[in-house]
>>> print(open('structure_37.tsv').read())   # TSV, C-alpha atoms
chain	number	residue	atom	x	y	z
A	761	MET	CA	-143.75	-43.19	46.87
A	762	MET	CA	-141.45	-46.16	46.75
A	763	ILE	CA	-138.48	-43.93	47.27
A	764	LEU	CA	-140.05	-42.34	50.35
A	765	LYS	CA	-140.91	-45.77	51.67
A	766	LYS	CA	-137.28	-46.96	51.20
A	767	ILE	CA	-135.96	-43.81	52.86
A	768	ALA	CA	-138.37	-44.24	55.80
A	769	HIS	CA	-137.29	-47.88	56.08
A	770	LYS	CA	-133.59	-46.88	56.05
A	771	VAL	CA	-134.19	-44.18	58.69
A	772	ALA	CA	-136.08	-46.64	60.91
A	773	GLN	CA	-133.28	-49.17	60.47
A	774	ALA	CA	-130.69	-46.52	61.37
A	775	PHE	CA	-132.67	-45.64	64.52
A	776	ARG	CA	-132.89	-49.32	65.48
A	777	LEU	CA	-129.11	-49.68	65.03
A	778	ALA	CA	-128.51	-46.51	67.04
A	779	GLN	CA	-130.81	-47.77	69.80
A	780	ALA	CA	-128.97	-51.14	69.90
A	781	ALA	CA	-125.65	-49.31	69.94
A	782	ASP	CA	-126.93	-47.06	72.73
A	783	LYS	CA	-127.94	-50.14	74.78
A	784	LYS	CA	-124.54	-51.71	74.28
A	785	LEU	CA	-122.82	-48.45	75.11
A	786	SER	CA	-124.96	-47.82	78.20
A	787	THR	CA	-124.47	-51.36	79.51
A	788	GLY	CA	-120.72	-51.09	78.91
A	789	ILE	CA	-120.55	-47.77	80.76
A	790	ALA	CA	-122.66	-49.16	83.63
A	791	ALA	CA	-120.39	-52.19	83.94
A	792	ALA	CA	-117.29	-50.00	83.97
A	793	LEU	CA	-118.81	-47.73	86.63
A	794	ASP	CA	-119.75	-50.73	88.79
A	795	ALA	CA	-116.21	-52.08	88.54
A	796	LYS	CA	-114.74	-48.69	89.46
A	797	ALA	CA	-117.11	-48.38	92.45
A	798	GLU	CA	-116.00	-51.81	93.68
A	799	GLN	CA	-112.35	-50.77	93.31
A	800	LEU	CA	-113.04	-47.64	95.34
A	801	ARG	CA	-114.73	-49.69	98.09
A	802	GLU	CA	-111.68	-51.97	98.27
A	803	TYR	CA	-109.38	-48.93	98.36
A	804	GLU	CA	-111.38	-47.41	101.22
A	805	LYS	CA	-111.15	-50.70	103.14
A	806	SER	CA	-107.36	-50.47	103.05
A	807	PHE	CA	-107.55	-47.30	105.20
A	808	GLU	CA	-109.74	-48.85	107.89
A	809	PRO	CA	-107.78	-49.71	111.05
A	810	GLU	CA	-107.06	-53.39	111.52
A	811	PRO	CA	-108.26	-55.09	114.68
A	812	PRO	CA	-105.51	-55.31	117.29
A	813	LYS	CA	-103.52	-58.53	117.29
A	814	PRO	CA	-103.36	-60.48	120.54
A	815	ASP	CA	-100.10	-60.15	122.45
A	816	PRO	CA	-98.39	-63.58	122.47
A	817	LEU	CA	-96.35	-62.66	125.56
A	818	LEU	CA	-99.49	-61.82	127.50
A	819	GLU	CA	-101.10	-65.08	126.40
A	820	ALA	CA	-98.02	-67.02	127.51
A	821	ARG	CA	-98.02	-65.33	130.92
A	822	THR	CA	-101.69	-66.07	131.51
A	823	SER	CA	-101.32	-69.72	130.48
A	824	LEU	CA	-98.26	-70.09	132.76
A	825	ALA	CA	-100.16	-68.52	135.64
A	826	GLN	CA	-103.06	-70.90	135.08
A	827	ALA	CA	-100.66	-73.86	135.11
A	828	GLY	CA	-99.06	-72.65	138.34
A	829	PHE	CA	-95.62	-71.66	136.98
A	830	SER	CA	-93.84	-68.38	137.49
A	831	ALA	CA	-92.21	-66.55	134.60
A	832	ALA	CA	-88.74	-67.06	136.13
A	833	ALA	CA	-89.23	-70.83	136.39
A	834	ALA	CA	-90.45	-71.04	132.81
A	835	THR	CA	-87.51	-68.97	131.58
A	836	TYR	CA	-85.05	-71.22	133.42
A	837	ALA	CA	-86.68	-74.35	131.98
A	838	LEU	CA	-86.57	-72.92	128.45
A	839	ARG	CA	-82.88	-72.03	128.81
A	840	ARG	CA	-82.04	-75.54	130.02
A	841	PHE	CA	-84.01	-77.00	127.13
A	842	ALA	CA	-82.20	-74.79	124.60
A	843	GLU	CA	-78.81	-75.78	126.04
A	844	ALA	CA	-79.74	-79.45	125.76
A	845	LEU	CA	-80.57	-79.00	122.07
A	846	LYS	CA	-77.15	-77.54	121.20
A	847	PRO	CA	-74.99	-80.02	119.30
A	848	GLU	CA	-71.72	-81.17	120.82
A	849	PRO	CA	-68.76	-79.22	119.41
A	850	LEU	CA	-66.61	-81.28	117.04
A	851	SER	CA	-63.33	-79.51	117.83
A	852	HIS	CA	-62.02	-82.47	119.84
A	853	LEU	CA	-62.37	-84.75	116.83
A	854	THR	CA	-59.93	-82.82	114.65
A	855	ASN	CA	-56.41	-84.14	114.15
A	856	ASN	CA	-54.90	-80.97	115.64
A	857	TRP	CA	-56.84	-81.40	118.91
A	858	ARG	CA	-55.97	-85.12	119.04
A	859	LYS	CA	-52.27	-84.37	118.46
A	860	MET	CA	-52.25	-81.72	121.21
A	861	HIS	CA	-53.85	-84.12	123.72
A	862	GLY	CA	-51.77	-87.19	122.83
A	863	LEU	CA	-54.57	-89.17	121.23
A	864	PRO	CA	-54.14	-91.28	118.10
A	865	MET	CA	-54.67	-89.35	114.91
A	866	HIS	CA	-57.60	-90.00	112.64
A	867	ARG	CA	-56.20	-91.61	109.54
A	868	LYS	CA	-57.95	-92.54	106.32
A	869	PRO	CA	-58.35	-96.29	105.82
A	870	ALA	CA	-56.30	-98.17	103.25
A	871	SER	CA	-59.43	-98.84	101.21
A	872	PHE	CA	-59.73	-95.10	100.65
A	873	ARG	CA	-56.23	-94.96	99.18
A	874	ARG	CA	-56.90	-97.96	96.92
A	875	ARG	CA	-60.12	-96.42	95.63
A	876	ARG	CA	-58.36	-93.16	94.91
A	877	LYS	CA	-55.49	-94.92	93.16
A	878	ASN	CA	-57.87	-96.77	90.83
A	879	SER	CA	-60.03	-93.79	90.02
A	880	GLY	CA	-57.33	-92.21	87.82
A	881	THR	CA	-57.16	-88.83	89.57
A	882	GLY	CA	-54.30	-87.27	91.45
A	883	LYS	CA	-50.59	-88.05	91.56
A	884	GLN	CA	-51.06	-91.74	92.38
A	885	SER	CA	-52.55	-92.52	88.97
A	886	LYS	CA	-49.26	-91.90	87.13
>>> encode(input="structure_37.tsv", output="structure tokens")
Amino acid sequence: MMILKKIAHKVAQAFRLAQAADKKLSTGIAAALDAKAEQLREYEKSFEPEPPKPDPLLEARTSLAQAGFSAAAATYALRRFAEALKPEPLSHLTNNWRKMHGLPMHRKPASFRRRRKNSGTGKQSK
């Protein structure tokens, strides 16, 4: 009798372990399926058409019309503004340009030569 009781106890314990394993397995499978379903929803969203973006040119035209400006006047004003922002060319500051136009050449100050002499680089350091 004791042997049968031990065997029945072992079988019951095995069933309890199998049931716990089944719960763990079923919850793991359910979680994996939920994650996959969410991935599929996100994938399907990527195929949905995006809402149209507003046309910035159309918005600019309407705002100019509301302010009382024509497109030609605004274009002219923008061109003038862009020209004003351009930096002055530095070609007339080069020695070659100065020499061609009879202006004094740009020479390095004597302090520059003294500094270079003392630094120990170049031919002057010998």
>>> atom_distance(input="structure_37.tsv", atom1="CA of Tyr803 in chain A", atom2="CA of Ala791 in chain A")
18.4 Å
>>> atom_distance(input="structure_37.tsv", atom1="CA of Gln826 in chain A", atom2="CA of Pro811 in chain A")
26.3 Å
>>> atom_distance(input="structure_37.tsv", atom1="CA of Arg821 in chain A", atom2="CA of Ala833 in chain A")
11.7 Å
